[in-house]
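Novice: Contents of my_file.cif (mmCIF, C-alpha atoms) are below:
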data_run
loop_
_atom_site.label_atom_id
_atom_site.label_comp_id
_atom_site.auth_asym_id
_atom_site.auth_seq_id
_atom_site.Cartn_x
_atom_site.Cartn_y
_atom_site.Cartn_z
CA MET A 173 0.00 0.00 0.00
CA THR A 174 1.32 3.42 -0.88
CA VAL A 175 0.62 6.17 1.63
CA ARG A 176 0.53 9.56 0.02
CA VAL A 177 2.52 11.98 2.14
CA GLU A 178 1.59 15.64 1.91
CA VAL A 179 3.89 18.16 3.55
CA ASP A 180 2.03 20.45 5.97
CA SER A 181 3.54 23.92 5.56
CA TRP A 182 2.31 24.92 9.04
CA HIS A 183 3.61 21.91 10.97
CA PHE A 184 6.35 23.89 12.75
CA VAL A 185 4.66 27.32 12.70
CA PRO A 186 2.98 28.70 15.85
CA PRO A 187 -0.76 29.39 15.18
CA ARG A 188 -0.60 33.20 15.36
CA LEU A 189 2.33 33.42 12.95
CA ALA A 190 0.61 30.87 10.70
CA ALA A 191 -2.52 33.03 10.52
CA LEU A 192 -0.43 36.05 9.56
CA LEU A 193 1.48 34.20 6.85
CA LYS A 194 -1.68 32.56 5.46
CA ALA A 195 -3.29 35.98 5.08
CA ARG A 196 -0.21 37.23 3.20
CA ILE A 197 -0.28 34.19 0.92
CA GLU A 198 -3.98 34.65 0.19
CA ALA A 199 -3.43 38.32 -0.63
CA ALA A 200 -0.57 37.55 -3.03
CA PRO A 201 -1.46 37.26 -6.71
CA ALA A 202 -1.16 33.80 -8.22
CA VAL A 203 1.67 33.28 -10.65
CA THR A 204 0.54 33.05 -14.23
CA SER A 205 3.68 31.76 -15.93
CA ILE A 206 6.47 29.56 -14.63
CA PRO A 207 9.91 29.54 -16.27
CA PHE A 208 11.22 26.07 -17.06
CA THR A 209 14.55 24.91 -18.46
CA PRO A 210 14.64 21.15 -19.12
CA PHE A 211 17.24 19.22 -17.14
CA GLU A 212 19.33 17.74 -19.93
CA THR A 213 22.72 16.80 -18.48
CA PRO A 214 22.32 13.47 -16.64
CA LEU A 215 23.18 13.67 -12.93
CA PRO A 216 26.43 11.63 -13.25
CA GLU A 217 27.66 14.35 -15.65
CA ALA A 218 25.91 17.33 -14.11
CA ARG A 219 27.65 20.22 -12.36
CA ILE A 220 25.56 21.21 -9.36
CA ALA A 221 25.51 24.46 -7.38
CA LEU A 222 23.75 24.97 -4.05
CA LEU A 223 22.12 28.14 -2.72
CA SER A 224 20.93 28.77 0.84
CA THR A 225 18.84 31.68 2.10
CA ALA A 226 20.44 31.43 5.56
CA GLY A 227 22.63 34.54 5.31
CA ILE A 228 25.92 32.63 5.12
CA SER A 229 29.08 34.61 4.40
CA TYR A 230 32.70 33.57 3.95
CA PRO A 231 35.22 35.88 5.64
CA PRO A 232 36.92 38.13 4.77
CA ASP A 233 33.75 38.89 2.79
CA ALA A 234 31.47 41.14 4.83
CA PRO A 235 28.68 39.45 6.78
CA PHE A 236 25.05 40.14 5.88
CA ASP A 237 23.92 43.45 7.40
CA MET A 238 21.92 42.77 10.54
CA ASP A 239 22.33 46.28 12.02
CA GLY A 240 20.48 47.68 9.01
CA GLU A 241 17.55 45.35 9.71
CA ARG A 242 17.57 46.16 13.43
CA ALA A 243 17.38 49.86 12.51
CA ASN A 244 14.64 49.25 9.93
CA PRO A 245 12.71 46.05 10.73
CA VAL A 246 10.96 45.88 7.36
CA TRP A 247 14.31 45.87 5.48
CA GLY A 248 16.41 42.78 4.80
CA ASP A 249 19.92 42.80 3.30
CA PRO A 250 19.31 41.96 -0.39
CA SER A 251 22.95 41.20 -1.29
CA TRP A 252 24.54 37.82 -2.05
CA ARG A 253 27.68 35.91 -1.14
CA GLN A 254 29.67 33.11 -2.69
CA ILE A 255 31.03 30.22 -0.68
CA PRO A 256 33.78 27.88 -1.90
CA ALA A 257 32.85 24.20 -2.35
CA THR A 258 35.37 23.23 0.33
CA ALA A 259 33.88 25.44 3.08
CA THR A 260 32.80 23.96 6.41
CA ALA A 261 30.96 25.44 9.38
CA ALA A 262 34.27 26.63 10.85
CA ASP A 263 34.89 28.82 7.79
CA VAL A 264 31.61 30.75 7.61
CA GLU A 265 29.48 33.29 9.43
CA VAL A 266 25.71 32.91 9.56
CA ASN A 267 23.46 35.96 10.05
CA HIS A 268 19.69 35.66 9.97
CA LEU A 269 17.45 37.16 12.67
CA HIS A 270 14.42 34.93 11.99
CA ILE A 271 15.88 31.48 12.68
CA ASP A 272 18.17 29.85 15.22
CA THR A 273 21.42 29.90 13.25
CA SER A 274 23.34 27.82 15.81
CA TYR A 275 22.61 24.55 13.99
CA ILE A 276 24.19 25.83 10.77
CA GLN A 277 27.12 27.22 12.74
CA ARG A 278 27.74 23.70 14.08
CA ASP A 279 27.13 21.83 10.80
CA LEU A 280 26.92 23.74 7.52
CA ASN A 281 25.40 20.67 5.85
CA VAL A 282 22.02 21.19 7.55
CA ALA A 283 21.41 24.12 5.16
CA LEU A 284 24.22 23.99 2.57
CA PRO A 285 25.27 20.33 2.25
CA LEU A 286 28.63 20.84 0.53
CA GLU A 287 30.18 17.76 2.15
CA ARG A 288 27.21 15.57 1.17
CA LEU A 289 27.42 16.87 -2.41
CA ALA A 290 31.16 16.08 -2.49
CA GLU A 291 30.35 12.53 -1.35
CA LEU A 292 27.82 12.07 -4.17
CA VAL A 293 30.47 13.32 -6.62
CA ALA A 294 33.03 10.86 -5.18
CA ALA A 295 30.45 8.08 -5.57
CA ARG A 296 29.93 9.20 -9.20
CA GLU A 297 26.23 9.79 -8.63
CA VAL A 298 26.79 13.46 -9.50
CA GLY A 299 29.30 14.78 -12.05
CA ALA A 300 30.77 17.69 -10.14
CA SER A 301 30.23 20.23 -7.39
CA ALA A 302 30.49 23.78 -8.71
CA PRO A 303 33.64 25.58 -7.51
CA ARG A 304 31.48 28.10 -5.65
CA HIS A 305 28.07 28.02 -4.03
CA TYR A 306 25.78 30.80 -2.84
CA SER A 307 23.85 32.41 -0.06
CA VAL A 308 21.37 35.22 0.23
CA MET A 309 19.44 36.33 3.32
CA GLY A 310 15.87 35.21 3.06
CA PHE A 311 14.01 37.87 5.02
CA GLN A 312 12.86 40.09 2.14
CA LEU A 313 9.47 41.71 2.57
CA ASP A 314 10.21 43.57 -0.64
CA GLY A 315 12.19 41.28 -2.91
CA THR A 316 12.74 43.89 -5.61
CA ALA A 317 16.41 44.64 -4.96
CA GLN A 318 17.34 40.99 -4.52
CA LEU A 319 15.57 40.05 -7.76
CA ARG A 320 16.96 43.02 -9.65
CA ASP A 321 20.59 42.83 -8.51
CA SER A 322 21.50 39.58 -6.76
CA ALA A 323 19.57 36.99 -8.77
CA PRO A 324 21.06 37.93 -12.18
CA ALA A 325 24.56 38.18 -10.69
CA ILE A 326 24.24 34.70 -9.18
CA ALA A 327 22.86 33.32 -12.45
CA ALA A 328 25.79 34.88 -14.35
CA ALA A 329 28.33 33.39 -11.91
CA MET A 330 26.72 29.96 -12.29
CA ARG A 331 26.92 30.22 -16.07
CA ILE A 332 30.61 31.17 -15.90
CA ASP A 333 31.19 28.03 -13.81
CA GLY A 334 29.30 25.79 -16.24
CA VAL A 335 26.62 24.89 -13.70
CA THR A 336 23.99 22.57 -15.22
CA GLY A 337 21.62 22.39 -12.23
CA ALA A 338 20.98 24.40 -9.06
CA VAL A 339 19.46 23.41 -5.72
CA LEU A 340 17.84 26.36 -3.95
CA ALA A 341 17.24 25.81 -0.26
CA PRO A 342 15.24 28.39 1.70
CA VAL A 343 15.56 28.16 5.47
CA MET B 278 15.97 34.29 -12.86
CA ILE B 279 18.45 31.41 -12.74
CA GLU B 280 16.03 29.20 -14.64
CA GLU B 281 15.61 31.96 -17.24
CA ALA B 282 19.40 32.05 -17.62
CA GLY B 283 19.18 28.43 -18.82
CA ILE B 284 20.06 26.62 -15.59
CA PRO B 285 17.39 24.23 -14.29
CA THR B 286 16.57 24.71 -10.60
CA VAL B 287 14.79 22.89 -7.81
CA VAL B 288 13.60 24.45 -4.54
CA LEU B 289 13.71 22.39 -1.33
CA SER B 290 10.71 23.94 0.40
CA MET B 291 9.38 23.57 3.91
CA MET B 292 6.43 25.77 2.93
CA PRO B 293 4.90 24.49 -0.32
CA ALA B 294 1.85 26.67 0.51
CA TYR B 295 3.83 29.52 -1.05
CA GLN B 296 4.13 27.80 -4.43
CA PRO B 297 0.94 29.23 -6.05
CA SER B 298 2.23 32.78 -5.49
CA VAL B 299 5.94 31.97 -6.05
CA GLY B 300 5.79 29.71 -9.09
CA ALA B 301 9.10 27.89 -8.64
CA PRO B 302 9.93 25.66 -11.63
CA ARG B 303 10.31 22.52 -9.45
CA VAL B 304 9.60 22.04 -5.76
CA ALA B 305 10.67 19.25 -3.44
CA ALA B 306 8.55 19.76 -0.30
CA ILE B 307 9.81 18.57 3.06
CA SER B 308 8.52 18.60 6.63
CA HIS B 309 11.71 19.74 8.34
CA PRO B 310 12.07 22.66 10.76
CA PHE B 311 13.21 26.06 9.52
CA GLY B 312 16.98 26.40 9.49
CA ARG B 313 17.66 22.68 8.96
CA PRO B 314 16.13 21.79 5.57
CA PHE B 315 18.54 18.91 4.88
CA GLY B 316 18.44 17.32 8.35
CA ASP B 317 19.82 17.69 11.83
CA VAL B 318 23.36 18.53 12.96
CA GLY B 319 25.65 15.54 12.40
CA ASP B 320 22.93 13.46 10.69
CA ALA B 321 24.92 12.88 7.50
CA GLU B 322 22.68 9.98 6.48
CA THR B 323 19.51 12.10 6.36
CA GLN B 324 21.34 15.06 4.81
CA ARG B 325 22.61 12.78 2.03
CA ALA B 326 19.20 11.15 1.50
CA VAL B 327 17.48 14.54 1.27
CA LEU B 328 20.09 15.87 -1.18
CA ARG B 329 19.67 12.72 -3.30
CA ALA B 330 15.87 13.10 -3.26
CA VAL B 331 16.07 16.78 -4.22
CA LEU B 332 18.44 16.03 -7.09
CA ALA B 333 16.05 13.30 -8.28
CA VAL B 334 13.24 15.88 -8.40
CA LEU B 335 15.54 18.20 -10.36
CA ALA B 336 16.42 15.45 -12.84
CA THR B 337 12.99 13.89 -13.36
CA THR B 338 10.33 16.61 -13.11
CA GLN B 339 8.83 17.38 -16.50
CA THR B 340 5.95 19.69 -15.57
CA PRO B 341 6.69 23.36 -14.75
CA GLY B 342 5.68 24.19 -11.19
CA GLN B 343 5.26 20.61 -10.03
CA VAL B 344 5.50 19.95 -6.27
CA ILE B 345 6.87 16.58 -5.15
CA HIS B 346 6.28 15.82 -1.46
CA LEU B 347 9.28 14.03 0.07
CA PRO B 348 8.53 11.33 2.66
CA PHE B 349 10.91 12.52 5.40
CA ARG B 350 9.64 12.81 8.98
CA TRP B 351 11.23 14.97 11.65
CA PRO B 352 11.68 12.89 14.81
CA GLU B 353 10.85 15.67 17.32
CA ASP B 354 7.38 16.96 18.15
CA PRO B 355 6.77 20.35 16.45
CA THR B 356 5.92 22.04 19.75
CA THR B 357 9.31 21.14 21.22
CA THR B 358 11.39 21.62 18.06
CA LYS B 359 13.37 24.82 18.51
CA TRP B 360 13.94 26.65 15.24
CA GLY B 361 13.33 30.30 16.15
CA PRO B 362 15.94 32.82 17.29
CA ASP B 363 16.55 33.45 20.99
CA GLN B 364 15.48 37.08 20.57
CA PRO B 365 12.35 37.97 18.54
CA SER B 366 13.29 39.26 15.07
CA PRO B 367 13.09 43.06 14.69
CA ILE B 368 9.76 42.92 12.84
CA VAL B 369 8.22 40.54 15.39
CA ALA B 370 9.46 42.77 18.22
CA LEU B 371 7.86 45.74 16.47
CA MET B 372 4.55 43.89 16.10
CA LEU B 373 4.59 42.77 19.74
CA LYS B 374 5.22 46.37 20.79
CA ALA B 375 2.37 47.64 18.58
CA ARG B 376 -0.01 45.14 20.17
CA LYS B 377 0.65 46.47 23.68
#
Using structure tokens, write down the structure that the file contains.
Specialist:
Amino acid sequence: MTVRVEVDSWHFVPPRLAALLKARIEAAPAVTSIPFTPFETPLPEARIALLSTAGISYPPDAPFDMDGERANPVWGDPSWRQIPATATAADVEVNHLHIDTSYIQRDLNVALPLERLAELVAAREVGASAPRHYSVMGFQLDGTAQLRDSAPAIAAAMRIDGVTGAVLAPV
Amino acid sequence: MIEEAGIPTVVLSMMPAYQPSVGAPRVAAISHPFGRPFGDVGDAETQRAVLRAVLAVLATTQTPGQVIHLPFRWPEDPTTTKWGPDQPSPIVALMLKARK
């Protein structure tokens, strides 16, 4: 017997926050067209890049700007960072005021599984890990700047690296 | 934007309820707490299994916007799973203040 498993978006969300988010979702216009690029390079030959919205930075690159958000609670840093494929938790900073970042600070793989990807490459299940991976900071009430500036820059960097598939992981 | 640049993408989402207004090309939905989409600290086995499952959704989905629900279960009860920050975020603090 196959049991159909449906993910409940509100499983971990306290009721009052859930009500707020549901109202926002209902007020948002439905998308009318969805971009789609066929996945053509088989996984054992694919070059994969990962992106996390956890606000991960790689010193000496500047951390995501939390003081700006504290000063203006409706603003979120819209910039982006790149993280080398060899990075571990010891190498990065994590700044995000809406989640407990301590888990990622102990094990980067919970949000950006670079070591797990390297293992799949070693096992020849995946062709290659891109030389660099990415993070943005996911609290964006107004996503305009992130969409206008960061998204195309990340896409361009992925193209330069010959990335053939990207895994985007919101936190 | 990345998809439009010719690179296929998949989103590992803990909130597939957003999909109708987001319109991601491919979604792998998972019931994991915020901050740990791939699994818990040190749980390499789950992290690897989730990454494999997400890559399978990337490689096999043919329909734009399709949501595939992954069968992973978080072992802790949601009411005792800590995922939030120790201090309320600035916007939550502002809302709490406004309510007073």
Novice: Using the chain letters and numbers from the file, which residues does the PyMOL selection byres ((chain A and resi 286) around 12) grab, as a ChimeraX atom specification?
Specialist: /A:220-224,255-261,279-285,287-293,300-306,339 /B:315,321,324-325,328
Novice: Just say which residues the PyMOL selection byres ((chain B and resi 360-371) around 12) picks in this file, as a PyMOL selection string.
Specialist: (chain A and resi 184-186+188-189+192+238-248+267-276+311-313+343) or (chain B and resi 309-314+317+353+355-359+372-377)
Novice: Find the spatial neighbours of Pro232 in chain A, counting all atoms listed in the file, within a cut-off of 12 Å - ignore same-chain residues fewer than 6 positions away - and output them as a count of residues only.
Specialist: 6
Novice: For CA of Ala306 in chain B and CA of Pro201 in chain A, quote the distance in Å rounded to one decimal.
Specialist: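 So the answer is 21.2 Å.
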Novice: Name the residues that the PyMOL selection byres ((chain A and resi 331) around 12) pulls out of this structure, and write them as a PyMOL selection string.
Specialist: (chain A and resi 219-221+302-304+324-330+332-338) or (chain B and resi 279-285)
Novice: Could you tell me how far CA of Ala323 in chain A sits from CA of Met309 in chain A, in Å to one decimal place?
Specialist: 12.1 Å
Novice: From the options B:Thr286, B:Asp320, B:Arg350, B:Val304, which residue's atoms come nearest to chain A, counting all atoms listed in the file?
Specialist: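 Of the candidates, the smallest distance to chain A is held by B:Thr286.
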Novice: Quick one: distance from CA of Ile345 in chain B to CA of Arg320 in chain A in Å, one decimal?
Specialist: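 Pair CA of Ile345 in chain B / CA of Arg320 in chain A returns 28.7 Å.
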Novice: Would you mind telling me which residue in B:Leu289, B:Ala333, B:Met278, B:Val344 lies nearest to Ile307 in chain B when using all atoms listed in the file?
Specialist: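 Using all atoms listed in the file, the shortest distance to Ile307 in chain B belongs to B:Leu289.
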Novice: Enclose all atoms of range 250-257 of chain A listed in the file in an axis-aligned box, grow every side by 5 Å, and hand back centre and edge lengths in Å to one decimal, as lines of an AutoDock Vina configuration file.
Specialist:
center_x = 26.5
center_y = 33.1
center_z = -1.5
size_x = 24.5
size_y = 27.8
size_z = 12.3
Novice: Would you mind listing what lies within 9 Å of Pro207 in chain A as a list of chain:residue names, with only C-alpha atoms counted and same-chain residues fewer than 2 positions away left out?
Specialist: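 The residues that qualify are A:Ser205, A:Thr209, B:Met278, B:Glu280, B:Glu281, B:Gly300, B:Ala301, B:Pro302, B:Pro341, B:Gly342.
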Novice: With distances taken over only C-alpha atoms, which residue among A:Pro216, A:Pro231, A:Pro210, A:Gly310 lies nearest chain B?
Specialist: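 Smallest distance to chain B is found for A:Pro210.
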Novice: Taking into account all atoms listed in the file, which residue in the set B:Val299, B:Val288, B:Ala305, B:Thr323 is nearest to Pro352 in chain B?
Specialist: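 The answer is B:Thr323, which sits nearest to Pro352 in chain B.
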Novice: Calculated over only C-alpha atoms, which of the candidates A:Leu193, A:Phe208, A:Leu215, A:Glu198 has the smallest distance to Ala295 in chain A?
Specialist: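 So, comparing all the options, the nearest one is A:Leu215.
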Novice: For Ser290 in chain B, which residue among A:Arg296, A:Asp233, A:Ala190, A:Pro342 is the nearest when counting all atoms listed in the file?
Specialist: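 Going through A:Arg296, A:Asp233, A:Ala190, A:Pro342 one by one, the smallest distance to Ser290 in chain B is for A:Pro342.
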Novice: Can you put all heavy atoms back into range 341-352 of chain B and show it as a PDB file, in the coordinates of the input?
Specialist:
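File written: rebuild-v6.pdb
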ATOM      1  N   PRO B 341       6.343  22.124 -15.457  1.00  0.00           N
ATOM      2  CA  PRO B 341       6.690  23.360 -14.750  1.00  0.00           C
ATOM      3  C   PRO B 341       5.794  23.578 -13.525  1.00  0.00           C
ATOM      4  O   PRO B 341       4.576  23.442 -13.609  1.00  0.00           O
ATOM      5  CB  PRO B 341       6.442  24.443 -15.802  1.00  0.00           C
ATOM      6  CG  PRO B 341       6.585  23.747 -17.112  1.00  0.00           C
ATOM      7  CD  PRO B 341       6.087  22.349 -16.892  1.00  0.00           C
ATOM      8  N   GLY B 342       6.424  23.871 -12.399  1.00  0.00           N
ATOM      9  CA  GLY B 342       5.680  24.190 -11.190  1.00  0.00           C
ATOM     10  C   GLY B 342       5.271  22.995 -10.350  1.00  0.00           C
ATOM     11  O   GLY B 342       4.589  23.151  -9.337  1.00  0.00           O
ATOM     12  N   GLN B 343       5.682  21.809 -10.760  1.00  0.00           N
ATOM     13  CA  GLN B 343       5.260  20.610 -10.030  1.00  0.00           C
ATOM     14  C   GLN B 343       5.866  20.563  -8.620  1.00  0.00           C
ATOM     15  O   GLN B 343       7.007  20.949  -8.404  1.00  0.00           O
ATOM     16  CB  GLN B 343       5.672  19.360 -10.798  1.00  0.00           C
ATOM     17  CG  GLN B 343       4.955  18.110 -10.290  1.00  0.00           C
ATOM     18  CD  GLN B 343       5.194  16.891 -11.166  1.00  0.00           C
ATOM     19  OE1 GLN B 343       5.777  16.979 -12.251  1.00  0.00           O
ATOM     20  NE2 GLN B 343       4.740  15.755 -10.698  1.00  0.00           N
ATOM     21  N   VAL B 344       5.061  20.104  -7.659  1.00  0.00           N
ATOM     22  CA  VAL B 344       5.500  19.950  -6.270  1.00  0.00           C
ATOM     23  C   VAL B 344       5.553  18.449  -5.955  1.00  0.00           C
ATOM     24  O   VAL B 344       4.546  17.761  -6.073  1.00  0.00           O
ATOM     25  CB  VAL B 344       4.540  20.646  -5.291  1.00  0.00           C
ATOM     26  CG1 VAL B 344       5.008  20.448  -3.842  1.00  0.00           C
ATOM     27  CG2 VAL B 344       4.429  22.141  -5.616  1.00  0.00           C
ATOM     28  N   ILE B 345       6.722  17.976  -5.577  1.00  0.00           N
ATOM     29  CA  ILE B 345       6.870  16.580  -5.150  1.00  0.00           C
ATOM     30  C   ILE B 345       7.048  16.588  -3.631  1.00  0.00           C
ATOM     31  O   ILE B 345       7.947  17.254  -3.108  1.00  0.00           O
ATOM     32  CB  ILE B 345       8.110  15.932  -5.800  1.00  0.00           C
ATOM     33  CG1 ILE B 345       8.055  16.043  -7.327  1.00  0.00           C
ATOM     34  CG2 ILE B 345       8.257  14.469  -5.354  1.00  0.00           C
ATOM     35  CD1 ILE B 345       6.990  15.248  -8.006  1.00  0.00           C
ATOM     36  N   HIS B 346       6.202  15.873  -2.925  1.00  0.00           N
ATOM     37  CA  HIS B 346       6.280  15.820  -1.460  1.00  0.00           C
ATOM     38  C   HIS B 346       7.220  14.688  -1.045  1.00  0.00           C
ATOM     39  O   HIS B 346       6.968  13.524  -1.372  1.00  0.00           O
ATOM     40  CB  HIS B 346       4.883  15.615  -0.864  1.00  0.00           C
ATOM     41  CG  HIS B 346       3.988  16.797  -1.078  1.00  0.00           C
ATOM     42  ND1 HIS B 346       3.741  17.732  -0.103  1.00  0.00           N
ATOM     43  CD2 HIS B 346       3.316  17.220  -2.183  1.00  0.00           C
ATOM     44  CE1 HIS B 346       2.937  18.672  -0.582  1.00  0.00           C
ATOM     45  NE2 HIS B 346       2.665  18.381  -1.846  1.00  0.00           N
ATOM     46  N   LEU B 347       8.295  15.035  -0.355  1.00  0.00           N
ATOM     47  CA  LEU B 347       9.280  14.030   0.070  1.00  0.00           C
ATOM     48  C   LEU B 347       8.805  13.370   1.371  1.00  0.00           C
ATOM     49  O   LEU B 347       8.230  14.036   2.241  1.00  0.00           O
ATOM     50  CB  LEU B 347      10.646  14.674   0.275  1.00  0.00           C
ATOM     51  CG  LEU B 347      11.234  15.412  -0.936  1.00  0.00           C
ATOM     52  CD1 LEU B 347      12.623  15.971  -0.588  1.00  0.00           C
ATOM     53  CD2 LEU B 347      11.331  14.509  -2.165  1.00  0.00           C
ATOM     54  N   PRO B 348       9.097  12.078   1.527  1.00  0.00           N
ATOM     55  CA  PRO B 348       8.530  11.330   2.660  1.00  0.00           C
ATOM     56  C   PRO B 348       9.354  11.384   3.946  1.00  0.00           C
ATOM     57  O   PRO B 348       9.319  10.443   4.725  1.00  0.00           O
ATOM     58  CB  PRO B 348       8.480   9.908   2.094  1.00  0.00           C
ATOM     59  CG  PRO B 348       9.658   9.838   1.188  1.00  0.00           C
ATOM     60  CD  PRO B 348       9.816  11.214   0.581  1.00  0.00           C
ATOM     61  N   PHE B 349      10.097  12.459   4.184  1.00  0.00           N
ATOM     62  CA  PHE B 349      10.910  12.520   5.400  1.00  0.00           C
ATOM     63  C   PHE B 349      10.076  13.002   6.585  1.00  0.00           C
ATOM     64  O   PHE B 349       9.250  13.893   6.450  1.00  0.00           O
ATOM     65  CB  PHE B 349      12.105  13.456   5.196  1.00  0.00           C
ATOM     66  CG  PHE B 349      13.087  12.941   4.185  1.00  0.00           C
ATOM     67  CD1 PHE B 349      12.936  13.231   2.833  1.00  0.00           C
ATOM     68  CD2 PHE B 349      14.147  12.139   4.579  1.00  0.00           C
ATOM     69  CE1 PHE B 349      13.826  12.743   1.888  1.00  0.00           C
ATOM     70  CE2 PHE B 349      15.044  11.648   3.642  1.00  0.00           C
ATOM     71  CZ  PHE B 349      14.887  11.949   2.288  1.00  0.00           C
ATOM     72  N   ARG B 350      10.343  12.411   7.740  1.00  0.00           N
ATOM     73  CA  ARG B 350       9.640  12.810   8.980  1.00  0.00           C
ATOM     74  C   ARG B 350      10.663  13.325   9.969  1.00  0.00           C
ATOM     75  O   ARG B 350      11.709  12.706  10.147  1.00  0.00           O
ATOM     76  CB  ARG B 350       8.962  11.581   9.601  1.00  0.00           C
ATOM     77  CG  ARG B 350       7.921  10.957   8.713  1.00  0.00           C
ATOM     78  CD  ARG B 350       6.546  11.420   9.136  1.00  0.00           C
ATOM     79  NE  ARG B 350       5.568  10.957   8.152  1.00  0.00           N
ATOM     80  CZ  ARG B 350       4.270  11.001   8.355  1.00  0.00           C
ATOM     81  NH1 ARG B 350       3.810  11.482   9.489  1.00  0.00           N
ATOM     82  NH2 ARG B 350       3.440  10.585   7.432  1.00  0.00           N
ATOM     83  N   TRP B 351      10.353  14.439  10.614  1.00  0.00           N
ATOM     84  CA  TRP B 351      11.230  14.970  11.650  1.00  0.00           C
ATOM     85  C   TRP B 351      10.929  14.223  12.951  1.00  0.00           C
ATOM     86  O   TRP B 351       9.769  14.082  13.322  1.00  0.00           O
ATOM     87  CB  TRP B 351      11.010  16.466  11.821  1.00  0.00           C
ATOM     88  CG  TRP B 351      12.074  17.103  12.652  1.00  0.00           C
ATOM     89  CD1 TRP B 351      11.970  17.472  13.963  1.00  0.00           C
ATOM     90  CD2 TRP B 351      13.401  17.435  12.232  1.00  0.00           C
ATOM     91  NE1 TRP B 351      13.170  18.026  14.378  1.00  0.00           N
ATOM     92  CE2 TRP B 351      14.061  18.007  13.337  1.00  0.00           C
ATOM     93  CE3 TRP B 351      14.105  17.304  11.025  1.00  0.00           C
ATOM     94  CZ2 TRP B 351      15.384  18.446  13.270  1.00  0.00           C
ATOM     95  CZ3 TRP B 351      15.406  17.742  10.959  1.00  0.00           C
ATOM     96  CH2 TRP B 351      16.035  18.306  12.080  1.00  0.00           C
ATOM     97  N   PRO B 352      11.958  13.735  13.648  1.00  0.00           N
ATOM     98  CA  PRO B 352      11.680  12.890  14.810  1.00  0.00           C
ATOM     99  C   PRO B 352      11.106  13.628  16.025  1.00  0.00           C
ATOM    100  O   PRO B 352      10.450  13.010  16.857  1.00  0.00           O
ATOM    101  CB  PRO B 352      13.060  12.300  15.154  1.00  0.00           C
ATOM    102  CG  PRO B 352      14.056  13.202  14.508  1.00  0.00           C
ATOM    103  CD  PRO B 352      13.385  13.804  13.305  1.00  0.00           C
TER     104      PRO B 352
END
